>>> print(open('input_11.pdb').read())   # PDB, C-alpha atoms, pLDDT in the B column
MODEL        1
ATOM      1  CA  MET A   5      20.456  -5.552 -10.051  1.00 90.00           C
ATOM      2  CA  PRO A   6      17.470  -6.834  -8.016  1.00 93.00           C
ATOM      3  CA  ARG A   7      16.596  -4.674  -5.031  1.00 95.00           C
ATOM      4  CA  ASP A   8      15.380  -5.815  -1.638  1.00 96.00           C
ATOM      5  CA  ILE A   9      12.039  -4.383  -0.608  1.00 97.00           C
ATOM      6  CA  GLU A  10       9.789  -4.493   2.442  1.00 96.00           C
ATOM      7  CA  ARG A  11       6.066  -5.038   2.884  1.00 95.00           C
ATOM      8  CA  ALA A  12       5.030  -1.415   2.431  1.00 96.00           C
ATOM      9  CA  GLN A  13       6.949  -1.197  -0.830  1.00 97.00           C
ATOM     10  CA  VAL A  14       5.352  -4.437  -2.004  1.00 97.00           C
ATOM     11  CA  ARG A  15       1.919  -2.938  -1.535  1.00 96.00           C
ATOM     12  CA  ARG A  16       2.868   0.268  -3.320  1.00 97.00           C
ATOM     13  CA  LEU A  17       4.359  -1.591  -6.273  1.00 97.00           C
ATOM     14  CA  LEU A  18       1.322  -3.857  -6.542  1.00 97.00           C
ATOM     15  CA  GLU A  19      -0.970  -0.850  -6.614  1.00 96.00           C
ATOM     16  CA  ALA A  20       1.179   0.482  -9.441  1.00 96.00           C
ATOM     17  CA  GLY A  21       0.716  -2.751 -11.407  1.00 95.00           C
ATOM     18  CA  ALA A  22       3.723  -4.894 -10.514  1.00 97.00           C
ATOM     19  CA  GLN A  23       3.626  -8.647 -11.082  1.00 98.00           C
ATOM     20  CA  LEU A  24       3.941 -10.848  -8.015  1.00 98.00           C
ATOM     21  CA  VAL A  25       5.648 -14.241  -8.167  1.00 98.00           C
ATOM     22  CA  GLU A  26       5.878 -16.870  -5.442  1.00 97.00           C
ATOM     23  CA  VAL A  27       8.910 -19.068  -6.078  1.00 96.00           C
ATOM     24  CA  LEU A  28       8.083 -21.777  -3.548  1.00 95.00           C
ATOM     25  CA  PRO A  29       6.983 -25.265  -4.651  1.00 94.00           C
ATOM     26  CA  ALA A  30       3.435 -25.573  -5.993  1.00 95.00           C
ATOM     27  CA  GLU A  31       2.133 -27.384  -2.904  1.00 93.00           C
ATOM     28  CA  GLU A  32       3.030 -24.476  -0.656  1.00 92.00           C
ATOM     29  CA  TYR A  33       1.631 -21.970  -3.108  1.00 96.00           C
ATOM     30  CA  LYS A  34      -1.684 -23.808  -3.248  1.00 95.00           C
ATOM     31  CA  GLU A  35      -2.104 -23.631   0.513  1.00 90.00           C
ATOM     32  CA  ASP A  36      -1.337 -19.942   0.945  1.00 92.00           C
ATOM     33  CA  HIS A  37      -0.102 -17.211  -1.327  1.00 96.00           C
ATOM     34  CA  LEU A  38      -0.278 -13.461  -1.452  1.00 97.00           C
ATOM     35  CA  PRO A  39      -3.349 -12.126  -3.283  1.00 96.00           C
ATOM     36  CA  GLY A  40      -2.783 -12.031  -7.003  1.00 96.00           C
ATOM     37  CA  ALA A  41       0.511 -13.918  -6.950  1.00 98.00           C
ATOM     38  CA  VAL A  42       1.381 -16.460  -9.616  1.00 97.00           C
ATOM     39  CA  ASN A  43       3.551 -19.470  -8.936  1.00 97.00           C
ATOM     40  CA  VAL A  44       6.848 -20.065 -10.679  1.00 97.00           C
ATOM     41  CA  PRO A  45       8.895 -22.401  -8.463  1.00 95.00           C
ATOM     42  CA  LEU A  46      12.601 -21.615  -8.393  1.00 94.00           C
ATOM     43  CA  ARG A  47      13.446 -24.732 -10.349  1.00 93.00           C
ATOM     44  CA  HIS A  48      11.043 -23.719 -13.094  1.00 94.00           C
ATOM     45  CA  ILE A  49      12.435 -20.266 -13.658  1.00 95.00           C
ATOM     46  CA  ASP A  50      13.631 -20.594 -17.224  1.00 94.00           C
ATOM     47  CA  VAL A  51      12.549 -19.300 -20.621  1.00 93.00           C
ATOM     48  CA  GLU A  52       9.443 -21.462 -20.657  1.00 93.00           C
ATOM     49  CA  GLY A  53       8.588 -21.062 -16.969  1.00 94.00           C
ATOM     50  CA  VAL A  54       8.384 -17.275 -17.130  1.00 95.00           C
ATOM     51  CA  GLY A  55       6.530 -17.212 -20.432  1.00 94.00           C
ATOM     52  CA  GLY A  56       3.422 -15.849 -18.738  1.00 95.00           C
ATOM     53  CA  LEU A  57       5.214 -12.847 -17.267  1.00 97.00           C
ATOM     54  CA  ASP A  58       5.771  -9.470 -18.871  1.00 96.00           C
ATOM     55  CA  LYS A  59       9.475  -8.605 -18.943  1.00 95.00           C
ATOM     56  CA  ASP A  60       8.755  -4.915 -19.310  1.00 93.00           C
ATOM     57  CA  ARG A  61       6.692  -4.623 -16.138  1.00 95.00           C
ATOM     58  CA  PRO A  62       8.118  -4.617 -12.607  1.00 97.00           C
ATOM     59  CA  VAL A  63       8.135  -8.032 -10.969  1.00 98.00           C
ATOM     60  CA  ILE A  64       8.325  -8.908  -7.279  1.00 98.00           C
ATOM     61  CA  VAL A  65       9.508 -12.323  -6.142  1.00 97.00           C
ATOM     62  CA  TYR A  66       9.097 -13.820  -2.702  1.00 97.00           C
ATOM     63  CA  CYS A  67       9.415 -17.101  -0.851  1.00 94.00           C
ATOM     64  CA  TRP A  68       8.654 -17.982   2.774  1.00 89.00           C
ATOM     65  CA  ASP A  69      11.156 -15.721   4.529  1.00 79.00           C
ATOM     66  CA  THR A  70      14.744 -14.597   4.301  1.00 69.00           C
ATOM     67  CA  ALA A  71      16.121 -18.147   4.180  1.00 59.00           C
TER
ATOM     68  CA  MET B  14      15.506 -18.836  -2.339  1.00 83.00           C
ATOM     69  CA  SER B  15      13.959 -15.580  -3.577  1.00 86.00           C
ATOM     70  CA  PRO B  16      17.337 -13.807  -4.073  1.00 91.00           C
ATOM     71  CA  ARG B  17      18.367 -16.541  -6.495  1.00 94.00           C
ATOM     72  CA  ALA B  18      15.019 -16.275  -8.240  1.00 95.00           C
ATOM     73  CA  ALA B  19      15.412 -12.506  -8.568  1.00 96.00           C
ATOM     74  CA  TRP B  20      18.877 -12.800 -10.091  1.00 95.00           C
ATOM     75  CA  ARG B  21      17.736 -15.540 -12.430  1.00 96.00           C
ATOM     76  CA  LEU B  22      14.883 -13.374 -13.694  1.00 96.00           C
ATOM     77  CA  GLU B  23      17.362 -10.654 -14.530  1.00 95.00           C
ATOM     78  CA  THR B  24      19.382 -13.066 -16.622  1.00 96.00           C
ATOM     79  CA  LEU B  25      16.173 -13.851 -18.483  1.00 96.00           C
ATOM     80  CA  GLY B  26      15.697 -10.231 -19.477  1.00 95.00           C
ATOM     81  CA  PHE B  27      13.463  -8.838 -16.728  1.00 97.00           C
ATOM     82  CA  LYS B  28      14.396  -5.202 -16.292  1.00 93.00           C
ATOM     83  CA  ASP B  29      12.822  -4.304 -12.951  1.00 97.00           C
ATOM     84  CA  VAL B  30      13.025  -7.064 -10.340  1.00 97.00           C
ATOM     85  CA  SER B  31      12.391  -6.664  -6.617  1.00 97.00           C
ATOM     86  CA  ASP B  32      12.815  -9.232  -3.874  1.00 97.00           C
ATOM     87  CA  TYR B  33      10.351  -9.161  -0.977  1.00 97.00           C
ATOM     88  CA  VAL B  34      12.962 -10.658   1.303  1.00 93.00           C
ATOM     89  CA  ASP B  35      10.781 -11.099   4.377  1.00 92.00           C
ATOM     90  CA  GLY B  36       8.323 -13.035   2.246  1.00 93.00           C
ATOM     91  CA  LYS B  37       5.089 -14.809   2.991  1.00 92.00           C
ATOM     92  CA  LEU B  38       5.888 -15.210   6.677  1.00 88.00           C
ATOM     93  CA  ASP B  39       6.103 -11.445   7.128  1.00 89.00           C
ATOM     94  CA  TRP B  40       2.903 -10.872   5.156  1.00 92.00           C
ATOM     95  CA  MET B  41       0.915 -13.381   7.167  1.00 89.00           C
ATOM     96  CA  ALA B  42       2.412 -12.262  10.446  1.00 84.00           C
ATOM     97  CA  ALA B  43       1.064  -8.810   9.711  1.00 87.00           C
ATOM     98  CA  GLY B  44      -2.398 -10.324   9.509  1.00 83.00           C
ATOM     99  CA  LEU B  45      -2.812  -9.541   5.822  1.00 90.00           C
ATOM    100  CA  PRO B  46      -5.087 -11.690   3.669  1.00 89.00           C
ATOM    101  CA  THR B  47      -3.900 -14.598   1.571  1.00 92.00           C
ATOM    102  CA  GLU B  48      -5.411 -16.777  -1.124  1.00 95.00           C
ATOM    103  CA  GLY B  49      -5.291 -20.558  -1.345  1.00 94.00           C
ATOM    104  CA  THR B  50      -6.754 -23.676   0.184  1.00 90.00           C
ATOM    105  CA  ASN B  51      -5.872 -22.560   3.708  1.00 85.00           C
ATOM    106  CA  ALA B  52      -7.213 -19.057   3.328  1.00 82.00           C
ATOM    107  CA  ASP B  53     -10.666 -19.864   4.701  1.00 80.00           C
ATOM    108  CA  ARG B  54      -9.483 -21.947   7.633  1.00 85.00           C
ATOM    109  CA  PRO B  55      -9.845 -20.108  10.912  1.00 90.00           C
ATOM    110  CA  ARG B  56      -6.609 -18.811  12.299  1.00 91.00           C
ATOM    111  CA  ALA B  57      -5.674 -17.296  15.614  1.00 94.00           C
ATOM    112  CA  ALA B  58      -6.576 -13.786  14.472  1.00 91.00           C
ATOM    113  CA  ASP B  59     -10.020 -14.860  13.279  1.00 90.00           C
ATOM    114  CA  VAL B  60     -11.014 -16.337  16.607  1.00 95.00           C
ATOM    115  CA  ALA B  61      -9.193 -13.908  18.914  1.00 95.00           C
ATOM    116  CA  ARG B  62     -11.433 -11.487  20.731  1.00 95.00           C
ATOM    117  CA  LYS B  63     -10.822  -7.966  19.560  1.00 92.00           C
ATOM    118  CA  ASP B  64     -12.651  -6.380  22.498  1.00 93.00           C
ATOM    119  CA  ALA B  65     -10.042  -7.500  25.007  1.00 91.00           C
ATOM    120  CA  VAL B  66      -9.461  -5.204  27.958  1.00 95.00           C
ATOM    121  CA  THR B  67      -6.162  -3.363  27.703  1.00 97.00           C
ATOM    122  CA  CYS B  68      -4.410  -0.986  30.033  1.00 98.00           C
ATOM    123  CA  ARG B  69      -1.366   1.268  30.256  1.00 98.00           C
ATOM    124  CA  LEU B  70       1.757   0.899  32.370  1.00 97.00           C
ATOM    125  CA  ASP B  71       0.952   3.782  34.687  1.00 97.00           C
ATOM    126  CA  GLU B  72      -2.581   2.776  35.613  1.00 98.00           C
ATOM    127  CA  ARG B  73      -3.569   1.756  39.129  1.00 98.00           C
ATOM    128  CA  LEU B  74      -3.961  -2.014  39.294  1.00 98.00           C
ATOM    129  CA  GLY B  75      -7.200  -1.783  41.249  1.00 98.00           C
ATOM    130  CA  ASP B  76      -8.823   0.271  38.483  1.00 98.00           C
ATOM    131  CA  VAL B  77      -7.746  -2.240  35.856  1.00 98.00           C
ATOM    132  CA  SER B  78      -8.939  -5.206  37.920  1.00 98.00           C
ATOM    133  CA  GLU B  79     -12.356  -3.615  38.322  1.00 97.00           C
ATOM    134  CA  ARG B  80     -12.583  -2.972  34.591  1.00 96.00           C
ATOM    135  CA  ALA B  81     -11.621  -6.562  33.838  1.00 97.00           C
ATOM    136  CA  ALA B  82     -14.091  -7.987  36.333  1.00 96.00           C
ATOM    137  CA  ALA B  83     -16.908  -5.860  34.950  1.00 95.00           C
ATOM    138  CA  GLY B  84     -16.345  -7.367  31.504  1.00 93.00           C
ATOM    139  CA  GLY B  85     -15.785 -10.890  32.782  1.00 93.00           C
ATOM    140  CA  TRP B  86     -12.130 -10.915  31.735  1.00 95.00           C
ATOM    141  CA  THR B  87      -9.462 -12.863  33.599  1.00 93.00           C
ATOM    142  CA  ALA B  88      -6.554 -11.424  31.617  1.00 95.00           C
ATOM    143  CA  VAL B  89      -5.633  -7.898  30.604  1.00 97.00           C
ATOM    144  CA  VAL B  90      -3.023  -6.950  28.025  1.00 97.00           C
ATOM    145  CA  VAL B  91      -0.709  -4.055  28.821  1.00 97.00           C
ATOM    146  CA  VAL B  92      -0.023  -1.926  25.753  1.00 97.00           C
ATOM    147  CA  ASN B  93       1.505   1.430  24.895  1.00 97.00           C
ATOM    148  CA  ASP B  94      -0.131   4.177  22.851  1.00 95.00           C
ATOM    149  CA  GLU B  95       0.783   2.373  19.631  1.00 94.00           C
ATOM    150  CA  GLY B  96      -0.876  -0.852  20.749  1.00 94.00           C
ATOM    151  CA  ILE B  97       2.432  -2.644  21.252  1.00 96.00           C
ATOM    152  CA  VAL B  98       2.184  -5.415  23.848  1.00 96.00           C
ATOM    153  CA  LEU B  99       4.382  -4.707  26.872  1.00 96.00           C
ATOM    154  CA  GLY B 100       2.992  -7.106  29.433  1.00 96.00           C
ATOM    155  CA  LEU B 101       0.147  -9.239  30.635  1.00 96.00           C
ATOM    156  CA  LEU B 102      -1.958  -9.373  33.767  1.00 97.00           C
ATOM    157  CA  ARG B 103      -3.492 -12.766  34.469  1.00 94.00           C
ATOM    158  CA  LYS B 104      -5.702 -13.744  37.419  1.00 94.00           C
ATOM    159  CA  LYS B 105      -2.824 -13.842  39.878  1.00 95.00           C
ATOM    160  CA  GLU B 106      -1.502 -10.403  38.949  1.00 97.00           C
ATOM    161  CA  LEU B 107      -4.981  -8.874  38.807  1.00 97.00           C
ATOM    162  CA  ALA B 108      -5.525 -10.028  42.363  1.00 97.00           C
ATOM    163  CA  GLY B 109      -2.433  -8.188  43.598  1.00 97.00           C
ATOM    164  CA  ASP B 110      -2.192  -5.010  45.666  1.00 97.00           C
ATOM    165  CA  PRO B 111      -4.733  -2.670  44.045  1.00 97.00           C
ATOM    166  CA  GLU B 112      -2.663   0.398  44.882  1.00 98.00           C
ATOM    167  CA  GLN B 113       0.365  -0.586  42.847  1.00 98.00           C
ATOM    168  CA  ARG B 114       0.942   0.499  39.270  1.00 97.00           C
ATOM    169  CA  VAL B 115       0.409  -1.941  36.441  1.00 98.00           C
ATOM    170  CA  GLU B 116       4.093  -1.726  35.539  1.00 97.00           C
ATOM    171  CA  ARG B 117       5.010  -3.262  38.900  1.00 97.00           C
ATOM    172  CA  ALA B 118       2.419  -6.004  38.772  1.00 97.00           C
ATOM    173  CA  MET B 119       2.490  -7.222  35.167  1.00 97.00           C
ATOM    174  CA  ARG B 120       4.328 -10.121  33.618  1.00 95.00           C
ATOM    175  CA  PRO B 121       6.677  -8.371  31.200  1.00 95.00           C
ATOM    176  CA  GLY B 122       7.336  -9.715  27.710  1.00 91.00           C
ATOM    177  CA  PRO B 123       4.599 -12.348  27.589  1.00 92.00           C
ATOM    178  CA  SER B 124       4.608 -15.041  24.928  1.00 90.00           C
ATOM    179  CA  THR B 125       2.519 -14.017  21.991  1.00 93.00           C
ATOM    180  CA  PHE B 126       1.336 -15.798  18.871  1.00 94.00           C
ATOM    181  CA  ARG B 127       1.079 -14.680  15.279  1.00 91.00           C
ATOM    182  CA  PRO B 128      -2.269 -14.121  13.549  1.00 90.00           C
ATOM    183  CA  TYR B 129      -1.740 -16.812  10.913  1.00 88.00           C
ATOM    184  CA  VAL B 130      -1.329 -19.794  13.260  1.00 91.00           C
ATOM    185  CA  THR B 131      -4.173 -22.217  12.612  1.00 90.00           C
ATOM    186  CA  ILE B 132      -6.773 -22.562  15.305  1.00 94.00           C
ATOM    187  CA  ALA B 133      -6.109 -26.281  15.564  1.00 92.00           C
ATOM    188  CA  GLU B 134      -2.452 -25.605  16.406  1.00 93.00           C
ATOM    189  CA  MET B 135      -3.426 -22.924  18.886  1.00 95.00           C
ATOM    190  CA  ALA B 136      -5.970 -25.138  20.610  1.00 96.00           C
ATOM    191  CA  ALA B 137      -3.495 -27.995  20.944  1.00 96.00           C
ATOM    192  CA  PHE B 138      -0.771 -25.722  22.297  1.00 96.00           C
ATOM    193  CA  MET B 139      -3.032 -23.954  24.772  1.00 96.00           C
ATOM    194  CA  VAL B 140      -4.386 -27.213  26.132  1.00 96.00           C
ATOM    195  CA  GLU B 141      -0.945 -28.777  26.398  1.00 96.00           C
ATOM    196  CA  HIS B 142       0.493 -25.746  28.189  1.00 95.00           C
ATOM    197  CA  ALA B 143      -2.628 -24.964  30.227  1.00 93.00           C
ATOM    198  CA  LEU B 144      -2.867 -21.454  28.782  1.00 93.00           C
ATOM    199  CA  ASP B 145      -6.263 -19.889  29.400  1.00 92.00           C
ATOM    200  CA  SER B 146      -5.539 -16.975  27.104  1.00 93.00           C
ATOM    201  CA  SER B 147      -2.840 -15.761  24.729  1.00 94.00           C
ATOM    202  CA  PRO B 148      -2.254 -12.368  23.124  1.00 96.00           C
ATOM    203  CA  ILE B 149      -2.161 -12.454  19.333  1.00 95.00           C
ATOM    204  CA  THR B 150       0.207  -9.903  17.853  1.00 93.00           C
ATOM    205  CA  THR B 151       1.563  -8.857  14.495  1.00 89.00           C
ATOM    206  CA  SER B 152       5.255  -9.309  13.747  1.00 82.00           C
ATOM    207  CA  ASP B 153       5.968  -5.811  15.035  1.00 83.00           C
ATOM    208  CA  GLY B 154       4.337  -6.558  18.381  1.00 91.00           C
ATOM    209  CA  ARG B 155       0.989  -4.850  17.849  1.00 91.00           C
ATOM    210  CA  LEU B 156      -1.989  -6.385  19.622  1.00 95.00           C
ATOM    211  CA  VAL B 157      -4.561  -8.024  17.340  1.00 93.00           C
ATOM    212  CA  GLY B 158      -6.670  -9.548  20.091  1.00 95.00           C
ATOM    213  CA  ILE B 159      -6.664 -12.082  22.865  1.00 96.00           C
ATOM    214  CA  LEU B 160      -7.375 -15.718  22.140  1.00 96.00           C
ATOM    215  CA  LEU B 161      -9.220 -17.642  24.822  1.00 95.00           C
ATOM    216  CA  LYS B 162      -8.571 -21.332  25.169  1.00 96.00           C
ATOM    217  CA  GLU B 163     -12.287 -22.050  25.335  1.00 95.00           C
ATOM    218  CA  ASP B 164     -12.812 -20.326  21.970  1.00 96.00           C
ATOM    219  CA  ALA B 165      -9.842 -22.045  20.333  1.00 96.00           C
ATOM    220  CA  VAL B 166     -10.904 -25.481  21.549  1.00 96.00           C
ATOM    221  CA  ARG B 167     -14.522 -24.939  20.550  1.00 96.00           C
ATOM    222  CA  VAL B 168     -13.711 -23.809  17.008  1.00 95.00           C
ATOM    223  CA  ALA B 169     -11.091 -26.529  16.513  1.00 93.00           C
ATOM    224  CA  HIS B 170     -13.602 -29.107  17.734  1.00 92.00           C
ATOM    225  CA  GLU B 171     -16.278 -27.859  15.356  1.00 90.00           C
ATOM    226  CA  LEU B 172     -13.878 -27.987  12.430  1.00 85.00           C
ATOM    227  CA  HIS B 173     -12.695 -31.455  13.340  1.00 79.00           C
ATOM    228  CA  HIS B 174     -16.255 -32.708  13.427  1.00 78.00           C
ATOM    229  CA  GLY B 175     -17.082 -31.253  10.045  1.00 72.00           C
ATOM    230  CA  HIS B 176     -19.271 -28.361  11.001  1.00 62.00           C
ATOM    231  CA  GLY B 177     -17.904 -26.458   8.048  1.00 51.00           C
ATOM    232  CA  HIS B 178     -16.974 -22.878   8.680  1.00 49.00           C
ATOM    233  CA  ALA B 179     -16.926 -22.415  12.388  1.00 45.00           C
ATOM    234  CA  ASP B 180     -18.225 -19.229  13.889  1.00 43.00           C
ATOM    235  CA  LYS B 181     -15.613 -16.592  14.239  1.00 41.00           C
ATOM    236  CA  ALA B 182     -15.461 -14.692  17.483  1.00 42.00           C
ATOM    237  CA  SER B 183     -15.477 -10.940  17.096  1.00 37.00           C
TER
ENDMDL
END
>>> encode(input="input_11.pdb", output="structure tokens")
Amino acid sequence: MPRDIERAQVRRLLEAGAQLVEVLPAEEYKEDHLPGAVNVPLRHIDVEGVGGLDKDRPVIVYCWDTA
Amino acid sequence: MSPRAAWRLETLGFKDVSDYVDGKLDWMAAGLPTEGTNADRPRAADVARKDAVTCRLDERLGDVSERAAAGGWTAVVVVNDEGIVLGLLRKKELAGDPEQRVERAMRPGPSTFRPYVTIAEMAAFMVEHALDSSPITTSDGRLVGILLKEDAVRVAHELHHGHGHADKAS
């Protein structure tokens, strides 16, 4: 079950090697994204879309806010 | 959007999925760095003056006014020990009875702006609303600096006229 985390936990997980994924559309990602994040828009999250991610490592997803 | 993404990743076999629910807005509001085409554009936090005069609630207004005048400031931000913005003293308040405490004279709960707002947006807003200065705060209310309209307008003007990376105020 995915767990909700806050900013401090994001930073800790990233330091420990977590993968960071922005799920917003590519245009928004190009303008601003968190350092080191890759872009997999929500509509592209499928077998092919996540091919570049490691399933055995922790992954953090985010969008713009809680909406 | 991100909760659905997190659940979808689990269905695809990801074993350890976390959702940063407050997202990019929270990150940028905290003044943390980003990457991307907008990353180098000056934002409110870049241009805000970090040497703004601050004061505490229990100070004597006359002492604060003198401090502000000595530094050429026409606005003083009232903060607590943690740097959380509690109020603002503009020209009118600074000119009040010097014997009163800041708490009695200040404008409580002033409007503040987040660090990530672009300088062009800030300049337009400050001109439209005749704001000479605005506190810039993180999402938890901590003071980053004070943005002066003259600085915002100058930097926005330089950017608009293609002067490349405008100078950032310190």
>>> resolve_selection(input="input_11.pdb", expression="the ChimeraX specification (/B :<9) & /A", output="PDB file with C-alpha atoms, in the frame of the given file")
ATOM      1  CA  MET A   5      20.456  -5.552 -10.051  1.00 90.00           C
ATOM      2  CA  PRO A   6      17.470  -6.834  -8.016  1.00 93.00           C
ATOM      3  CA  ARG A   7      16.596  -4.674  -5.031  1.00 95.00           C
ATOM      4  CA  ASP A   8      15.380  -5.815  -1.638  1.00 96.00           C
ATOM      5  CA  ILE A   9      12.039  -4.383  -0.608  1.00 97.00           C
ATOM      6  CA  GLU A  10       9.789  -4.493   2.442  1.00 96.00           C
ATOM      7  CA  ARG A  11       6.066  -5.038   2.884  1.00 95.00           C
ATOM      8  CA  GLN A  13       6.949  -1.197  -0.830  1.00 97.00           C
ATOM      9  CA  VAL A  14       5.352  -4.437  -2.004  1.00 97.00           C
ATOM     10  CA  GLU A  26       5.878 -16.870  -5.442  1.00 97.00           C
ATOM     11  CA  VAL A  27       8.910 -19.068  -6.078  1.00 96.00           C
ATOM     12  CA  LEU A  28       8.083 -21.777  -3.548  1.00 95.00           C
ATOM     13  CA  TYR A  33       1.631 -21.970  -3.108  1.00 96.00           C
ATOM     14  CA  LYS A  34      -1.684 -23.808  -3.248  1.00 95.00           C
ATOM     15  CA  GLU A  35      -2.104 -23.631   0.513  1.00 90.00           C
ATOM     16  CA  ASP A  36      -1.337 -19.942   0.945  1.00 92.00           C
ATOM     17  CA  HIS A  37      -0.102 -17.211  -1.327  1.00 96.00           C
ATOM     18  CA  LEU A  38      -0.278 -13.461  -1.452  1.00 97.00           C
ATOM     19  CA  PRO A  39      -3.349 -12.126  -3.283  1.00 96.00           C
ATOM     20  CA  GLY A  40      -2.783 -12.031  -7.003  1.00 96.00           C
ATOM     21  CA  ALA A  41       0.511 -13.918  -6.950  1.00 98.00           C
ATOM     22  CA  PRO A  45       8.895 -22.401  -8.463  1.00 95.00           C
ATOM     23  CA  LEU A  46      12.601 -21.615  -8.393  1.00 94.00           C
ATOM     24  CA  ARG A  47      13.446 -24.732 -10.349  1.00 93.00           C
ATOM     25  CA  ILE A  49      12.435 -20.266 -13.658  1.00 95.00           C
ATOM     26  CA  ASP A  50      13.631 -20.594 -17.224  1.00 94.00           C
ATOM     27  CA  VAL A  51      12.549 -19.300 -20.621  1.00 93.00           C
ATOM     28  CA  VAL A  54       8.384 -17.275 -17.130  1.00 95.00           C
ATOM     29  CA  ASP A  58       5.771  -9.470 -18.871  1.00 96.00           C
ATOM     30  CA  LYS A  59       9.475  -8.605 -18.943  1.00 95.00           C
ATOM     31  CA  ASP A  60       8.755  -4.915 -19.310  1.00 93.00           C
ATOM     32  CA  ARG A  61       6.692  -4.623 -16.138  1.00 95.00           C
ATOM     33  CA  PRO A  62       8.118  -4.617 -12.607  1.00 97.00           C
ATOM     34  CA  VAL A  63       8.135  -8.032 -10.969  1.00 98.00           C
ATOM     35  CA  ILE A  64       8.325  -8.908  -7.279  1.00 98.00           C
ATOM     36  CA  VAL A  65       9.508 -12.323  -6.142  1.00 97.00           C
ATOM     37  CA  TYR A  66       9.097 -13.820  -2.702  1.00 97.00           C
ATOM     38  CA  CYS A  67       9.415 -17.101  -0.851  1.00 94.00           C
ATOM     39  CA  TRP A  68       8.654 -17.982   2.774  1.00 89.00           C
ATOM     40  CA  ASP A  69      11.156 -15.721   4.529  1.00 79.00           C
ATOM     41  CA  THR A  70      14.744 -14.597   4.301  1.00 69.00           C
ATOM     42  CA  ALA A  71      16.121 -18.147   4.180  1.00 59.00           C
TER      43      ALA A  71
END
>>> resolve_selection(input="input_11.pdb", expression="the PyMOL selection byres ((chain B and resi 148) around 9)", output="tab-separated table (two decimals) with C-alpha atoms, keeping the file's coordinate frame")
chain	number	residue	atom	x	y	z
B	61	ALA	CA	-9.19	-13.91	18.91
B	90	VAL	CA	-3.02	-6.95	28.02
B	98	VAL	CA	2.18	-5.42	23.85
B	101	LEU	CA	0.15	-9.24	30.64
B	123	PRO	CA	4.60	-12.35	27.59
B	124	SER	CA	4.61	-15.04	24.93
B	125	THR	CA	2.52	-14.02	21.99
B	126	PHE	CA	1.34	-15.80	18.87
B	127	ARG	CA	1.08	-14.68	15.28
B	146	SER	CA	-5.54	-16.98	27.10
B	147	SER	CA	-2.84	-15.76	24.73
B	149	ILE	CA	-2.16	-12.45	19.33
B	150	THR	CA	0.21	-9.90	17.85
B	156	LEU	CA	-1.99	-6.38	19.62
B	157	VAL	CA	-4.56	-8.02	17.34
B	158	GLY	CA	-6.67	-9.55	20.09
B	159	ILE	CA	-6.66	-12.08	22.86
B	160	LEU	CA	-7.38	-15.72	22.14
B	161	LEU	CA	-9.22	-17.64	24.82
>>> closest_residue(input="input_11.pdb", among="B:Ala83, B:Val130, B:Leu172, B:Val77", to="Asp59 of chain B", atoms="only C-alpha atoms")
B:Val130
>>> resolve_selection(input="input_11.pdb", expression="the PyMOL selection byres ((chain B and resi 117) around 10)", output="VMD selection string")
chain B and resid 70 to 71 73 to 74 106 113 to 116 118 to 121
>>> closest_residue(input="input_11.pdb", among="B:Gly44, B:Pro55, B:Pro111, B:Gly175", to="Thr151 of chain B", atoms="only C-alpha atoms")
B:Gly44
>>> atom_distance(input="input_11.pdb", atom1="atom CA of Asp53 of chain B", atom2="atom CA of Glu163 of chain B")
20.8 Å
>>> residues_around(input="input_11.pdb", residues="segment 135-142 of chain B", least_positions_apart="5", cutoff="7 Å", atoms="all atoms listed in the file", output="list in words")
Ala57, Val130, Lys162, Ala165, Val166 and Ala169 of chain B
>>> axis_aligned_box(input="input_11.pdb", around="segment 80-86 of chain B", padding_each_side="6 Å", output="JSON")
{"center_x": -14.3, "center_y": -6.9, "center_z": 33.9, "size_x": 17.3, "size_y": 19.9, "size_z": 16.8}
>>> decode(input="input_11.pdb", residues="segment 90-103 of chain B", atoms="C-alpha atoms", output="PDB file, in the first residue's frame")
ATOM      1  CA  VAL B  90       8.710  42.850   9.542  1.00  0.00           C
ATOM      2  CA  VAL B  91       7.604  41.658  12.965  1.00  0.00           C
ATOM      3  CA  VAL B  92       8.747  38.102  13.647  1.00  0.00           C
ATOM      4  CA  ASN B  93       8.994  35.695  16.559  1.00  0.00           C
ATOM      5  CA  ASP B  94      12.102  33.811  17.648  1.00  0.00           C
ATOM      6  CA  GLU B  95      11.540  31.230  14.912  1.00  0.00           C
ATOM      7  CA  GLY B  96      11.384  33.875  12.195  1.00  0.00           C
ATOM      8  CA  ILE B  97       7.648  33.443  11.675  1.00  0.00           C
ATOM      9  CA  VAL B  98       6.009  36.607  10.341  1.00  0.00           C
ATOM     10  CA  LEU B  99       3.486  38.030  12.808  1.00  0.00           C
ATOM     11  CA  GLY B 100       2.998  41.536  11.499  1.00  0.00           C
ATOM     12  CA  LEU B 101       4.280  44.423   9.473  1.00  0.00           C
ATOM     13  CA  LEU B 102       5.141  48.027  10.198  1.00  0.00           C
ATOM     14  CA  ARG B 103       4.931  50.316   7.185  1.00  0.00           C
TER      15      ARG B 103
END
